[in-house]
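**Student:** To start, I am sharing the structure in question, which I have written as structure tokens.
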Amino acid sequence: MRDDIAAVVEDGGTYRNRPHRFPTARAYGAWAADTLLPNVLTFTPGTVADWEPWCDLHNGRGVREDIASNIIKMIVNQDFSSGLTHGPLLDHFPYLSEPPVS
């Protein structure tokens with residue numbers, strides 16, 4: 001994974017971009033891979049769940065988060081939005097409302 005991310009930021013020339021500026025693409029690839037893996041989420045009870053490694057937030061994962069955008073930001077080292085949205089959320093588990101009927 002480190003080498004793959006390094007290749008992406010090398011080709012895009014983004015490894016020197018802020019907020020995660022590194023002297024080499026390999027250094028950025030190592031940092032991003034170490035941030036994303038192992039894929040284990042920790043959570044501090046009594047706090048708000050938020051996982052956005054782009055902003056160094058690593059506390060569970062909220063229901064409303066666009067996880068695809070968060071991961072892509074880390075891989076390309078630039079801001080990105082997938083444009084994905086969700087429907088209304090319920091206030092109880094499983095939180096997701098029924099899909100719309102067509």
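Scheme for the structure tokens: letters A, B, ... for chains in order shown; per-chain residue numbers from 1; ligand numbers from 1 in order shown.
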Need the shell around Pro94 (chain A): protein/DNA/RNA residues with any atom at most 10 Å away, counting only C-alpha atoms. Skip same-chain ones fewer than 4 positions apart. Format as a ChimeraX atom specification?

**Tutor:** /A:63,89-90

**Student:** With only C-alpha atoms as the counted atoms, please give the residues lying no more than 10 Å from Ala32 (chain A), apart from itself and same-chain residues fewer than 3 positions off, as an mmCIF file with all heavy atoms, in the first residue's frame.

**Tutor:**
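Full text of result_22.cif as output:
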```cif
data_model
loop_
_atom_site.group_PDB
_atom_site.id
_atom_site.type_symbol
_atom_site.label_atom_id
_atom_site.label_comp_id
_atom_site.auth_asym_id
_atom_site.auth_seq_id
_atom_site.Cartn_x
_atom_site.Cartn_y
_atom_site.Cartn_z
ATOM 1 N N MET A 1 0.816 -1.178 0.000
ATOM 2 C CA MET A 1 0.000 0.000 0.000
ATOM 3 C C MET A 1 0.870 1.256 0.000
ATOM 4 O O MET A 1 0.540 2.225 -0.649
ATOM 5 C CB MET A 1 -0.928 -0.022 1.207
ATOM 6 C CG MET A 1 -1.819 1.173 1.293
ATOM 7 S SD MET A 1 -2.916 1.035 2.694
ATOM 8 C CE MET A 1 -4.310 1.901 2.089
ATOM 9 N N ARG A 2 1.967 1.223 0.752
ATOM 10 C CA ARG A 2 2.856 2.396 0.810
ATOM 11 C C ARG A 2 3.373 2.759 -0.579
ATOM 12 O O ARG A 2 3.360 3.928 -0.954
ATOM 13 C CB ARG A 2 4.038 2.109 1.735
ATOM 14 C CG ARG A 2 3.673 2.001 3.164
ATOM 15 C CD ARG A 2 4.861 1.614 4.005
ATOM 16 N NE ARG A 2 4.423 1.477 5.375
ATOM 17 C CZ ARG A 2 5.225 1.298 6.374
ATOM 18 N NH1 ARG A 2 6.522 1.199 6.182
ATOM 19 N NH2 ARG A 2 4.760 1.194 7.595
ATOM 20 N N ILE A 5 0.496 4.226 -2.837
ATOM 21 C CA ILE A 5 0.187 5.617 -2.512
ATOM 22 C C ILE A 5 1.329 6.523 -2.948
ATOM 23 O O ILE A 5 1.102 7.602 -3.508
ATOM 24 C CB ILE A 5 -0.110 5.780 -1.007
ATOM 25 C CG1 ILE A 5 -1.408 5.054 -0.655
ATOM 26 C CG2 ILE A 5 -0.212 7.255 -0.631
ATOM 27 C CD1 ILE A 5 -1.713 5.004 0.832
ATOM 28 N N ALA A 6 2.562 6.080 -2.737
ATOM 29 C CA ALA A 6 3.718 6.878 -3.169
ATOM 30 C C ALA A 6 3.677 7.110 -4.673
ATOM 31 O O ALA A 6 3.970 8.211 -5.149
ATOM 32 C CB ALA A 6 5.022 6.185 -2.768
ATOM 33 N N HIS A 20 -0.396 17.915 4.590
ATOM 34 C CA HIS A 20 0.499 16.791 4.881
ATOM 35 C C HIS A 20 1.688 16.819 3.931
ATOM 36 O O HIS A 20 1.767 16.051 2.990
ATOM 37 C CB HIS A 20 -0.261 15.471 4.776
ATOM 38 C CG HIS A 20 -1.494 15.461 5.614
ATOM 39 N ND1 HIS A 20 -1.444 15.482 6.979
ATOM 40 C CD2 HIS A 20 -2.803 15.481 5.281
ATOM 41 C CE1 HIS A 20 -2.676 15.507 7.459
ATOM 42 N NE2 HIS A 20 -3.517 15.500 6.454
ATOM 43 N N ARG A 26 7.757 8.672 -1.265
ATOM 44 C CA ARG A 26 7.840 7.466 -0.432
ATOM 45 C C ARG A 26 7.540 7.783 1.035
ATOM 46 O O ARG A 26 6.889 7.009 1.729
ATOM 47 C CB ARG A 26 9.208 6.807 -0.564
ATOM 48 C CG ARG A 26 9.388 6.110 -1.906
ATOM 49 C CD ARG A 26 10.722 5.375 -1.983
ATOM 50 N NE ARG A 26 10.895 4.404 -0.917
ATOM 51 C CZ ARG A 26 10.539 3.124 -0.999
ATOM 52 N NH1 ARG A 26 9.998 2.660 -2.089
ATOM 53 N NH2 ARG A 26 10.746 2.304 0.021
ATOM 54 N N ALA A 27 8.012 8.927 1.513
ATOM 55 C CA ALA A 27 7.737 9.322 2.898
ATOM 56 C C ALA A 27 6.243 9.565 3.090
ATOM 57 O O ALA A 27 5.662 9.152 4.095
ATOM 58 C CB ALA A 27 8.531 10.566 3.268
ATOM 59 N N TYR A 28 5.618 10.218 2.118
ATOM 60 C CA TYR A 28 4.173 10.437 2.215
ATOM 61 C C TYR A 28 3.435 9.104 2.169
ATOM 62 O O TYR A 28 2.512 8.873 2.955
ATOM 63 C CB TYR A 28 3.640 11.352 1.102
ATOM 64 C CG TYR A 28 2.144 11.520 1.253
ATOM 65 C CD1 TYR A 28 1.627 12.460 2.128
ATOM 66 C CD2 TYR A 28 1.252 10.682 0.586
ATOM 67 C CE1 TYR A 28 0.267 12.581 2.324
ATOM 68 C CE2 TYR A 28 -0.112 10.789 0.778
ATOM 69 C CZ TYR A 28 -0.602 11.737 1.641
ATOM 70 O OH TYR A 28 -1.953 11.839 1.850
ATOM 71 N N GLY A 29 3.814 8.225 1.255
ATOM 72 C CA GLY A 29 3.170 6.918 1.142
ATOM 73 C C GLY A 29 3.263 6.127 2.432
ATOM 74 O O GLY A 29 2.291 5.488 2.851
ATOM 75 N N THR A 35 -1.178 5.549 8.652
ATOM 76 C CA THR A 35 -2.362 6.204 9.206
ATOM 77 C C THR A 35 -3.618 5.386 8.920
ATOM 78 O O THR A 35 -4.499 5.263 9.768
ATOM 79 C CB THR A 35 -2.520 7.623 8.617
ATOM 80 O OG1 THR A 35 -1.344 8.389 8.941
ATOM 81 C CG2 THR A 35 -3.745 8.326 9.161
ATOM 82 N N LEU A 36 -3.697 4.813 7.719
ATOM 83 C CA LEU A 36 -4.889 4.068 7.318
ATOM 84 C C LEU A 36 -4.895 2.628 7.828
ATOM 85 O O LEU A 36 -5.959 2.032 7.968
ATOM 86 C CB LEU A 36 -5.017 4.065 5.794
ATOM 87 C CG LEU A 36 -5.309 5.433 5.164
ATOM 88 C CD1 LEU A 36 -5.184 5.348 3.657
ATOM 89 C CD2 LEU A 36 -6.683 5.924 5.572
ATOM 90 N N LEU A 37 -3.726 2.056 8.078
ATOM 91 C CA LEU A 37 -3.639 0.664 8.515
ATOM 92 C C LEU A 37 -2.959 0.567 9.864
ATOM 93 O O LEU A 37 -2.083 1.380 10.155
ATOM 94 C CB LEU A 37 -2.847 -0.151 7.484
ATOM 95 C CG LEU A 37 -3.479 -0.229 6.101
ATOM 96 C CD1 LEU A 37 -2.521 -0.894 5.142
ATOM 97 C CD2 LEU A 37 -4.803 -0.968 6.151
ATOM 98 N N PRO A 53 -8.947 11.123 8.939
ATOM 99 C CA PRO A 53 -7.492 11.176 9.108
ATOM 100 C C PRO A 53 -6.854 12.368 8.412
ATOM 101 O O PRO A 53 -5.773 12.790 8.779
ATOM 102 C CB PRO A 53 -7.013 9.846 8.525
ATOM 103 C CG PRO A 53 -8.117 9.372 7.662
ATOM 104 C CD PRO A 53 -9.377 9.936 8.227
ATOM 105 N N TRP A 54 -7.534 12.934 7.422
ATOM 106 C CA TRP A 54 -7.036 14.135 6.754
ATOM 107 C C TRP A 54 -6.831 15.252 7.773
ATOM 108 O O TRP A 54 -5.924 16.042 7.677
ATOM 109 C CB TRP A 54 -8.050 14.545 5.687
ATOM 110 C CG TRP A 54 -7.708 15.763 4.919
ATOM 111 C CD1 TRP A 54 -8.242 17.006 5.087
ATOM 112 C CD2 TRP A 54 -6.769 15.885 3.860
ATOM 113 N NE1 TRP A 54 -7.699 17.880 4.193
ATOM 114 C CE2 TRP A 54 -6.790 17.212 3.419
ATOM 115 C CE3 TRP A 54 -5.914 14.994 3.230
ATOM 116 C CZ2 TRP A 54 -5.997 17.682 2.384
ATOM 117 C CZ3 TRP A 54 -5.118 15.459 2.194
ATOM 118 C CH2 TRP A 54 -5.164 16.786 1.786
ATOM 119 N N ILE A 71 -10.868 8.574 2.622
ATOM 120 C CA ILE A 71 -9.779 7.690 2.194
ATOM 121 C C ILE A 71 -9.108 8.229 0.939
ATOM 122 O O ILE A 71 -7.881 8.235 0.829
ATOM 123 C CB ILE A 71 -10.292 6.258 2.010
ATOM 124 C CG1 ILE A 71 -10.656 5.672 3.381
ATOM 125 C CG2 ILE A 71 -9.257 5.381 1.309
ATOM 126 C CD1 ILE A 71 -11.322 4.327 3.332
ATOM 127 N N LYS A 73 -8.869 11.321 -0.050
ATOM 128 C CA LYS A 73 -8.046 12.479 0.338
ATOM 129 C C LYS A 73 -6.665 12.011 0.791
ATOM 130 O O LYS A 73 -5.652 12.618 0.446
ATOM 131 C CB LYS A 73 -8.694 13.245 1.489
ATOM 132 C CG LYS A 73 -9.865 14.081 1.134
ATOM 133 C CD LYS A 73 -10.396 14.724 2.418
ATOM 134 C CE LYS A 73 -11.738 15.341 2.220
ATOM 135 N NZ LYS A 73 -12.250 15.942 3.469
ATOM 136 N N MET A 74 -6.645 10.952 1.593
ATOM 137 C CA MET A 74 -5.374 10.453 2.097
ATOM 138 C C MET A 74 -4.515 9.869 0.978
ATOM 139 O O MET A 74 -3.304 10.001 0.990
ATOM 140 C CB MET A 74 -5.612 9.374 3.153
ATOM 141 C CG MET A 74 -6.278 9.885 4.408
ATOM 142 S SD MET A 74 -5.256 11.039 5.325
ATOM 143 C CE MET A 74 -3.953 9.966 5.854
ATOM 144 N N ILE A 75 -5.137 9.221 0.020
ATOM 145 C CA ILE A 75 -4.378 8.578 -1.052
ATOM 146 C C ILE A 75 -3.804 9.594 -2.023
ATOM 147 O O ILE A 75 -2.668 9.456 -2.476
ATOM 148 C CB ILE A 75 -5.252 7.531 -1.771
ATOM 149 C CG1 ILE A 75 -5.522 6.367 -0.817
ATOM 150 C CG2 ILE A 75 -4.589 7.041 -3.054
ATOM 151 C CD1 ILE A 75 -6.524 5.366 -1.324
ATOM 152 N N VAL A 76 -4.534 10.645 -2.348
ATOM 153 C CA VAL A 76 -4.063 11.611 -3.342
ATOM 154 C C VAL A 76 -3.451 12.866 -2.718
ATOM 155 O O VAL A 76 -2.878 13.691 -3.421
ATOM 156 C CB VAL A 76 -5.185 12.004 -4.335
ATOM 157 C CG1 VAL A 76 -5.684 10.798 -5.091
ATOM 158 C CG2 VAL A 76 -6.331 12.721 -3.641
ATOM 159 N N ASN A 77 -3.573 13.021 -1.396
ATOM 160 C CA ASN A 77 -3.077 14.184 -0.660
ATOM 161 C C ASN A 77 -3.588 15.503 -1.232
ATOM 162 O O ASN A 77 -2.839 16.446 -1.449
ATOM 163 C CB ASN A 77 -1.554 14.212 -0.553
ATOM 164 C CG ASN A 77 -1.096 15.196 0.516
ATOM 165 O OD1 ASN A 77 -1.807 15.444 1.480
ATOM 166 N ND2 ASN A 77 0.084 15.758 0.349
#
```

**Student:** So which residues touch Pro88 (chain A) within 12 Å, counting only C-alpha atoms, skipping near sequence neighbours fewer than 5 positions away, as a list in words?

**Tutor:**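 Residues near the query, excluding close chain neighbours: Val63, Arg64, Tyr95, Leu96, Ser97, Glu98, Pro99 and Pro100 of chain A.
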
**Student:** Hey, what does DSSP flag as alpha helix (DSSP H) within chain A? Can you give it to me as an mmCIF file with all heavy atoms, in the first residue's frame?

**Tutor:**
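Written file, selection.cif:
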```cif
data_model
loop_
_atom_site.group_PDB
_atom_site.id
_atom_site.type_symbol
_atom_site.label_atom_id
_atom_site.label_comp_id
_atom_site.auth_asym_id
_atom_site.auth_seq_id
_atom_site.Cartn_x
_atom_site.Cartn_y
_atom_site.Cartn_z
ATOM 1 N N ARG A 2 1.967 1.223 0.752
ATOM 2 C CA ARG A 2 2.856 2.396 0.810
ATOM 3 C C ARG A 2 3.373 2.759 -0.579
ATOM 4 O O ARG A 2 3.360 3.928 -0.954
ATOM 5 C CB ARG A 2 4.038 2.109 1.735
ATOM 6 C CG ARG A 2 3.673 2.001 3.164
ATOM 7 C CD ARG A 2 4.861 1.614 4.005
ATOM 8 N NE ARG A 2 4.423 1.477 5.375
ATOM 9 C CZ ARG A 2 5.225 1.298 6.374
ATOM 10 N NH1 ARG A 2 6.522 1.199 6.182
ATOM 11 N NH2 ARG A 2 4.760 1.194 7.595
ATOM 12 N N ASP A 3 3.817 1.755 -1.312
ATOM 13 C CA ASP A 3 4.368 2.016 -2.642
ATOM 14 C C ASP A 3 3.289 2.507 -3.608
ATOM 15 O O ASP A 3 3.552 3.371 -4.448
ATOM 16 C CB ASP A 3 5.037 0.763 -3.208
ATOM 17 C CG ASP A 3 6.303 0.393 -2.442
ATOM 18 O OD1 ASP A 3 6.857 1.263 -1.739
ATOM 19 O OD2 ASP A 3 6.719 -0.768 -2.549
ATOM 20 N N ASP A 4 2.077 1.965 -3.478
ATOM 21 C CA ASP A 4 0.987 2.395 -4.360
ATOM 22 C C ASP A 4 0.611 3.853 -4.100
ATOM 23 O O ASP A 4 0.414 4.632 -5.031
ATOM 24 C CB ASP A 4 -0.238 1.498 -4.185
ATOM 25 C CG ASP A 4 -0.003 0.085 -4.702
ATOM 26 O OD1 ASP A 4 0.888 -0.106 -5.561
ATOM 27 O OD2 ASP A 4 -0.711 -0.831 -4.232
ATOM 28 N N ILE A 5 0.496 4.226 -2.837
ATOM 29 C CA ILE A 5 0.187 5.617 -2.512
ATOM 30 C C ILE A 5 1.329 6.523 -2.948
ATOM 31 O O ILE A 5 1.102 7.602 -3.508
ATOM 32 C CB ILE A 5 -0.110 5.780 -1.007
ATOM 33 C CG1 ILE A 5 -1.408 5.054 -0.655
ATOM 34 C CG2 ILE A 5 -0.212 7.255 -0.631
ATOM 35 C CD1 ILE A 5 -1.713 5.004 0.832
ATOM 36 N N ALA A 6 2.562 6.080 -2.737
ATOM 37 C CA ALA A 6 3.718 6.878 -3.169
ATOM 38 C C ALA A 6 3.677 7.110 -4.673
ATOM 39 O O ALA A 6 3.970 8.211 -5.149
ATOM 40 C CB ALA A 6 5.022 6.185 -2.768
ATOM 41 N N ALA A 7 3.290 6.093 -5.441
ATOM 42 C CA ALA A 7 3.209 6.241 -6.899
ATOM 43 C C ALA A 7 2.133 7.262 -7.287
ATOM 44 O O ALA A 7 2.338 8.072 -8.199
ATOM 45 C CB ALA A 7 2.909 4.893 -7.552
ATOM 46 N N VAL A 8 1.008 7.250 -6.573
ATOM 47 C CA VAL A 8 -0.078 8.193 -6.875
ATOM 48 C C VAL A 8 0.357 9.633 -6.610
ATOM 49 O O VAL A 8 0.175 10.517 -7.452
ATOM 50 C CB VAL A 8 -1.345 7.852 -6.053
ATOM 51 C CG1 VAL A 8 -2.380 8.965 -6.143
ATOM 52 C CG2 VAL A 8 -1.945 6.534 -6.519
ATOM 53 N N VAL A 9 0.956 9.880 -5.437
ATOM 54 C CA VAL A 9 1.344 11.261 -5.119
ATOM 55 C C VAL A 9 2.577 11.699 -5.907
ATOM 56 O O VAL A 9 2.759 12.896 -6.144
ATOM 57 C CB VAL A 9 1.534 11.480 -3.596
ATOM 58 C CG1 VAL A 9 0.215 11.321 -2.871
ATOM 59 C CG2 VAL A 9 2.608 10.583 -3.006
ATOM 60 N N GLU A 10 3.395 10.750 -6.328
ATOM 61 C CA GLU A 10 4.534 11.086 -7.202
ATOM 62 C C GLU A 10 4.014 11.531 -8.557
ATOM 63 O O GLU A 10 4.422 12.577 -9.082
ATOM 64 C CB GLU A 10 5.453 9.880 -7.358
ATOM 65 C CG GLU A 10 6.624 10.104 -8.311
ATOM 66 C CD GLU A 10 7.712 10.977 -7.708
ATOM 67 O OE1 GLU A 10 7.974 10.854 -6.509
ATOM 68 O OE2 GLU A 10 8.301 11.763 -8.459
ATOM 69 N N ASP A 11 3.102 10.749 -9.143
ATOM 70 C CA ASP A 11 2.537 11.102 -10.450
ATOM 71 C C ASP A 11 1.775 12.416 -10.400
ATOM 72 O O ASP A 11 1.822 13.211 -11.338
ATOM 73 C CB ASP A 11 1.602 10.003 -10.962
ATOM 74 C CG ASP A 11 2.350 8.744 -11.390
ATOM 75 O OD1 ASP A 11 3.598 8.805 -11.553
ATOM 76 O OD2 ASP A 11 1.695 7.698 -11.554
ATOM 77 N N GLY A 12 1.056 12.635 -9.303
ATOM 78 C CA GLY A 12 0.282 13.872 -9.177
ATOM 79 C C GLY A 12 1.085 15.042 -8.652
ATOM 80 O O GLY A 12 0.626 16.178 -8.679
ATOM 81 N N ALA A 25 7.849 11.314 -2.095
ATOM 82 C CA ALA A 25 6.607 10.564 -2.273
ATOM 83 C C ALA A 25 6.605 9.312 -1.403
ATOM 84 O O ALA A 25 5.573 8.933 -0.844
ATOM 85 C CB ALA A 25 6.417 10.212 -3.743
ATOM 86 N N ARG A 26 7.757 8.672 -1.265
ATOM 87 C CA ARG A 26 7.840 7.466 -0.432
ATOM 88 C C ARG A 26 7.540 7.783 1.035
ATOM 89 O O ARG A 26 6.889 7.009 1.729
ATOM 90 C CB ARG A 26 9.208 6.807 -0.564
ATOM 91 C CG ARG A 26 9.388 6.110 -1.906
ATOM 92 C CD ARG A 26 10.722 5.375 -1.983
ATOM 93 N NE ARG A 26 10.895 4.404 -0.917
ATOM 94 C CZ ARG A 26 10.539 3.124 -0.999
ATOM 95 N NH1 ARG A 26 9.998 2.660 -2.089
ATOM 96 N NH2 ARG A 26 10.746 2.304 0.021
ATOM 97 N N ALA A 27 8.012 8.927 1.513
ATOM 98 C CA ALA A 27 7.737 9.322 2.898
ATOM 99 C C ALA A 27 6.243 9.565 3.090
ATOM 100 O O ALA A 27 5.662 9.152 4.095
ATOM 101 C CB ALA A 27 8.531 10.566 3.268
ATOM 102 N N TYR A 28 5.618 10.218 2.118
ATOM 103 C CA TYR A 28 4.173 10.437 2.215
ATOM 104 C C TYR A 28 3.435 9.104 2.169
ATOM 105 O O TYR A 28 2.512 8.873 2.955
ATOM 106 C CB TYR A 28 3.640 11.352 1.102
ATOM 107 C CG TYR A 28 2.144 11.520 1.253
ATOM 108 C CD1 TYR A 28 1.627 12.460 2.128
ATOM 109 C CD2 TYR A 28 1.252 10.682 0.586
ATOM 110 C CE1 TYR A 28 0.267 12.581 2.324
ATOM 111 C CE2 TYR A 28 -0.112 10.789 0.778
ATOM 112 C CZ TYR A 28 -0.602 11.737 1.641
ATOM 113 O OH TYR A 28 -1.953 11.839 1.850
ATOM 114 N N GLY A 29 3.814 8.225 1.255
ATOM 115 C CA GLY A 29 3.170 6.918 1.142
ATOM 116 C C GLY A 29 3.263 6.127 2.432
ATOM 117 O O GLY A 29 2.291 5.488 2.851
ATOM 118 N N ALA A 30 4.420 6.171 3.089
ATOM 119 C CA ALA A 30 4.593 5.461 4.357
ATOM 120 C C ALA A 30 3.692 6.060 5.428
ATOM 121 O O ALA A 30 3.022 5.334 6.171
ATOM 122 C CB ALA A 30 6.053 5.521 4.795
ATOM 123 N N TRP A 31 3.638 7.394 5.516
ATOM 124 C CA TRP A 31 2.795 8.038 6.515
ATOM 125 C C TRP A 31 1.319 7.717 6.279
ATOM 126 O O TRP A 31 0.596 7.364 7.217
ATOM 127 C CB TRP A 31 3.010 9.551 6.490
ATOM 128 C CG TRP A 31 2.046 10.271 7.368
ATOM 129 C CD1 TRP A 31 2.119 10.416 8.722
ATOM 130 C CD2 TRP A 31 0.844 10.902 6.948
ATOM 131 N NE1 TRP A 31 1.015 11.105 9.170
ATOM 132 C CE2 TRP A 31 0.221 11.420 8.101
ATOM 133 C CE3 TRP A 31 0.225 11.088 5.714
ATOM 134 C CZ2 TRP A 31 -0.976 12.110 8.051
ATOM 135 C CZ3 TRP A 31 -0.970 11.779 5.670
ATOM 136 C CH2 TRP A 31 -1.561 12.281 6.826
ATOM 137 N N ALA A 32 0.858 7.824 5.036
ATOM 138 C CA ALA A 32 -0.554 7.575 4.732
ATOM 139 C C ALA A 32 -0.926 6.122 5.023
ATOM 140 O O ALA A 32 -1.967 5.845 5.625
ATOM 141 C CB ALA A 32 -0.858 7.931 3.285
ATOM 142 N N ALA A 33 -0.089 5.187 4.603
ATOM 143 C CA ALA A 33 -0.373 3.771 4.858
ATOM 144 C C ALA A 33 -0.395 3.487 6.355
ATOM 145 O O ALA A 33 -1.270 2.765 6.848
ATOM 146 C CB ALA A 33 0.657 2.891 4.158
ATOM 147 N N ASP A 34 0.542 4.055 7.096
ATOM 148 C CA ASP A 34 0.571 3.849 8.546
ATOM 149 C C ASP A 34 -0.636 4.484 9.227
ATOM 150 O O ASP A 34 -1.090 4.014 10.269
ATOM 151 C CB ASP A 34 1.867 4.400 9.144
ATOM 152 C CG ASP A 34 3.081 3.586 8.760
ATOM 153 O OD1 ASP A 34 2.923 2.458 8.244
ATOM 154 O OD2 ASP A 34 4.199 4.087 8.959
ATOM 155 N N THR A 35 -1.178 5.549 8.652
ATOM 156 C CA THR A 35 -2.362 6.204 9.206
ATOM 157 C C THR A 35 -3.618 5.386 8.920
ATOM 158 O O THR A 35 -4.499 5.263 9.768
ATOM 159 C CB THR A 35 -2.520 7.623 8.617
ATOM 160 O OG1 THR A 35 -1.344 8.389 8.941
ATOM 161 C CG2 THR A 35 -3.745 8.326 9.161
ATOM 162 N N LEU A 36 -3.697 4.813 7.719
ATOM 163 C CA LEU A 36 -4.889 4.068 7.318
ATOM 164 C C LEU A 36 -4.895 2.628 7.828
ATOM 165 O O LEU A 36 -5.959 2.032 7.968
ATOM 166 C CB LEU A 36 -5.017 4.065 5.794
ATOM 167 C CG LEU A 36 -5.309 5.433 5.164
ATOM 168 C CD1 LEU A 36 -5.184 5.348 3.657
ATOM 169 C CD2 LEU A 36 -6.683 5.924 5.572
ATOM 170 N N ILE A 67 -16.955 8.295 4.080
ATOM 171 C CA ILE A 67 -15.707 7.555 4.263
ATOM 172 C C ILE A 67 -14.913 7.460 2.964
ATOM 173 O O ILE A 67 -13.688 7.495 2.973
ATOM 174 C CB ILE A 67 -15.977 6.172 4.887
ATOM 175 C CG1 ILE A 67 -14.696 5.573 5.451
ATOM 176 C CG2 ILE A 67 -16.605 5.228 3.903
ATOM 177 C CD1 ILE A 67 -14.202 6.282 6.649
ATOM 178 N N ALA A 68 -15.607 7.366 1.829
ATOM 179 C CA ALA A 68 -14.911 7.276 0.537
ATOM 180 C C ALA A 68 -14.063 8.523 0.312
ATOM 181 O O ALA A 68 -12.886 8.432 -0.076
ATOM 182 C CB ALA A 68 -15.921 7.089 -0.590
ATOM 183 N N SER A 69 -14.612 9.686 0.562
ATOM 184 C CA SER A 69 -13.853 10.930 0.377
ATOM 185 C C SER A 69 -12.670 10.993 1.331
ATOM 186 O O SER A 69 -11.581 11.423 0.954
ATOM 187 C CB SER A 69 -14.755 12.151 0.585
ATOM 188 O OG SER A 69 -15.716 12.235 -0.428
ATOM 189 N N ASN A 70 -12.876 10.568 2.583
ATOM 190 C CA ASN A 70 -11.789 10.610 3.561
ATOM 191 C C ASN A 70 -10.603 9.760 3.121
ATOM 192 O O ASN A 70 -9.450 10.169 3.233
ATOM 193 C CB ASN A 70 -12.279 10.142 4.930
ATOM 194 C CG ASN A 70 -13.177 11.159 5.598
ATOM 195 O OD1 ASN A 70 -13.201 12.317 5.220
ATOM 196 N ND2 ASN A 70 -13.927 10.719 6.583
ATOM 197 N N ILE A 71 -10.868 8.574 2.622
ATOM 198 C CA ILE A 71 -9.779 7.690 2.194
ATOM 199 C C ILE A 71 -9.108 8.229 0.939
ATOM 200 O O ILE A 71 -7.881 8.235 0.829
ATOM 201 C CB ILE A 71 -10.292 6.258 2.010
ATOM 202 C CG1 ILE A 71 -10.656 5.672 3.381
ATOM 203 C CG2 ILE A 71 -9.257 5.381 1.309
ATOM 204 C CD1 ILE A 71 -11.322 4.327 3.332
ATOM 205 N N ILE A 72 -9.890 8.704 -0.013
ATOM 206 C CA ILE A 72 -9.306 9.236 -1.254
ATOM 207 C C ILE A 72 -8.448 10.462 -0.970
ATOM 208 O O ILE A 72 -7.377 10.628 -1.556
ATOM 209 C CB ILE A 72 -10.400 9.514 -2.295
ATOM 210 C CG1 ILE A 72 -11.014 8.181 -2.747
ATOM 211 C CG2 ILE A 72 -9.846 10.285 -3.488
ATOM 212 C CD1 ILE A 72 -12.258 8.302 -3.585
ATOM 213 N N LYS A 73 -8.869 11.321 -0.050
ATOM 214 C CA LYS A 73 -8.046 12.479 0.338
ATOM 215 C C LYS A 73 -6.665 12.011 0.791
ATOM 216 O O LYS A 73 -5.652 12.618 0.446
ATOM 217 C CB LYS A 73 -8.694 13.245 1.489
ATOM 218 C CG LYS A 73 -9.865 14.081 1.134
ATOM 219 C CD LYS A 73 -10.396 14.724 2.418
ATOM 220 C CE LYS A 73 -11.738 15.341 2.220
ATOM 221 N NZ LYS A 73 -12.250 15.942 3.469
ATOM 222 N N MET A 74 -6.645 10.952 1.593
ATOM 223 C CA MET A 74 -5.374 10.453 2.097
ATOM 224 C C MET A 74 -4.515 9.869 0.978
ATOM 225 O O MET A 74 -3.304 10.001 0.990
ATOM 226 C CB MET A 74 -5.612 9.374 3.153
ATOM 227 C CG MET A 74 -6.278 9.885 4.408
ATOM 228 S SD MET A 74 -5.256 11.039 5.325
ATOM 229 C CE MET A 74 -3.953 9.966 5.854
ATOM 230 N N ILE A 75 -5.137 9.221 0.020
ATOM 231 C CA ILE A 75 -4.378 8.578 -1.052
ATOM 232 C C ILE A 75 -3.804 9.594 -2.023
ATOM 233 O O ILE A 75 -2.668 9.456 -2.476
ATOM 234 C CB ILE A 75 -5.252 7.531 -1.771
ATOM 235 C CG1 ILE A 75 -5.522 6.367 -0.817
ATOM 236 C CG2 ILE A 75 -4.589 7.041 -3.054
ATOM 237 C CD1 ILE A 75 -6.524 5.366 -1.324
ATOM 238 N N VAL A 76 -4.534 10.645 -2.348
ATOM 239 C CA VAL A 76 -4.063 11.611 -3.342
ATOM 240 C C VAL A 76 -3.451 12.866 -2.718
ATOM 241 O O VAL A 76 -2.878 13.691 -3.421
ATOM 242 C CB VAL A 76 -5.185 12.004 -4.335
ATOM 243 C CG1 VAL A 76 -5.684 10.798 -5.091
ATOM 244 C CG2 VAL A 76 -6.331 12.721 -3.641
#
```

**Student:** Taking only C-alpha atoms into account, which of A:Thr44, A:Gly87, A:Gln78, A:Asp66 comes nearest Gly13 (chain A)?

**Tutor:**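 Nearest to Gly13 (chain A): A:Gln78.
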
**Student:** Run DSSP on the backbone of this structure and report the residues of chain A it assigns to strand (DSSP E or B), as a list in words.

**Tutor:**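 Here is the list: Asp50, Trp51, Glu52, Leu57, His58, Asn59, Leu89 and Leu96 of chain A.
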
**Student:** For a test of reading the model, state the distance in Å between CA of Asn17 (chain A) and CA of Asp56 (chain A), rounded to one decimal.

**Tutor:** 15.8 Å

**Student:** Restricting the calculation to only C-alpha atoms, which member of A:Val40, A:Thr24, A:Glu52, A:Glu65 is positioned closest to Thr85 (chain A)?

**Tutor:**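 When distances to Thr85 (chain A) are compared using only C-alpha atoms, the smallest one comes from A:Glu65.
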
**Student:** Could you check which of A:Thr47, A:Thr14, A:Ser82, A:Asn39 is closest to Asn59 (chain A), using only C-alpha atoms?

**Tutor:** A:Thr47

**Student:** So which one's closest to Thr42 (chain A), A:Arg61, A:Arg21, A:Arg16, A:Phe80? Using only C-alpha atoms, please.

**Tutor:**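 Between A:Arg61, A:Arg21, A:Arg16, A:Phe80, the residue approaching Thr42 (chain A) most closely is A:Arg61.
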
**Student:** So how many Å separate CA of Trp51 (chain A) and CA of Asp79 (chain A), to one decimal?

**Tutor:**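 Calculated distance between CA of Trp51 (chain A) and CA of Asp79 (chain A) is 15.5 Å.
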
**Student:** In Å, rounded to a single decimal, give me how far CA of Ser81 (chain A) is from CA of Pro23 (chain A).

**Tutor:**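 About the pair CA of Pro23 (chain A) and CA of Ser81 (chain A): they are 25.7 Å apart.
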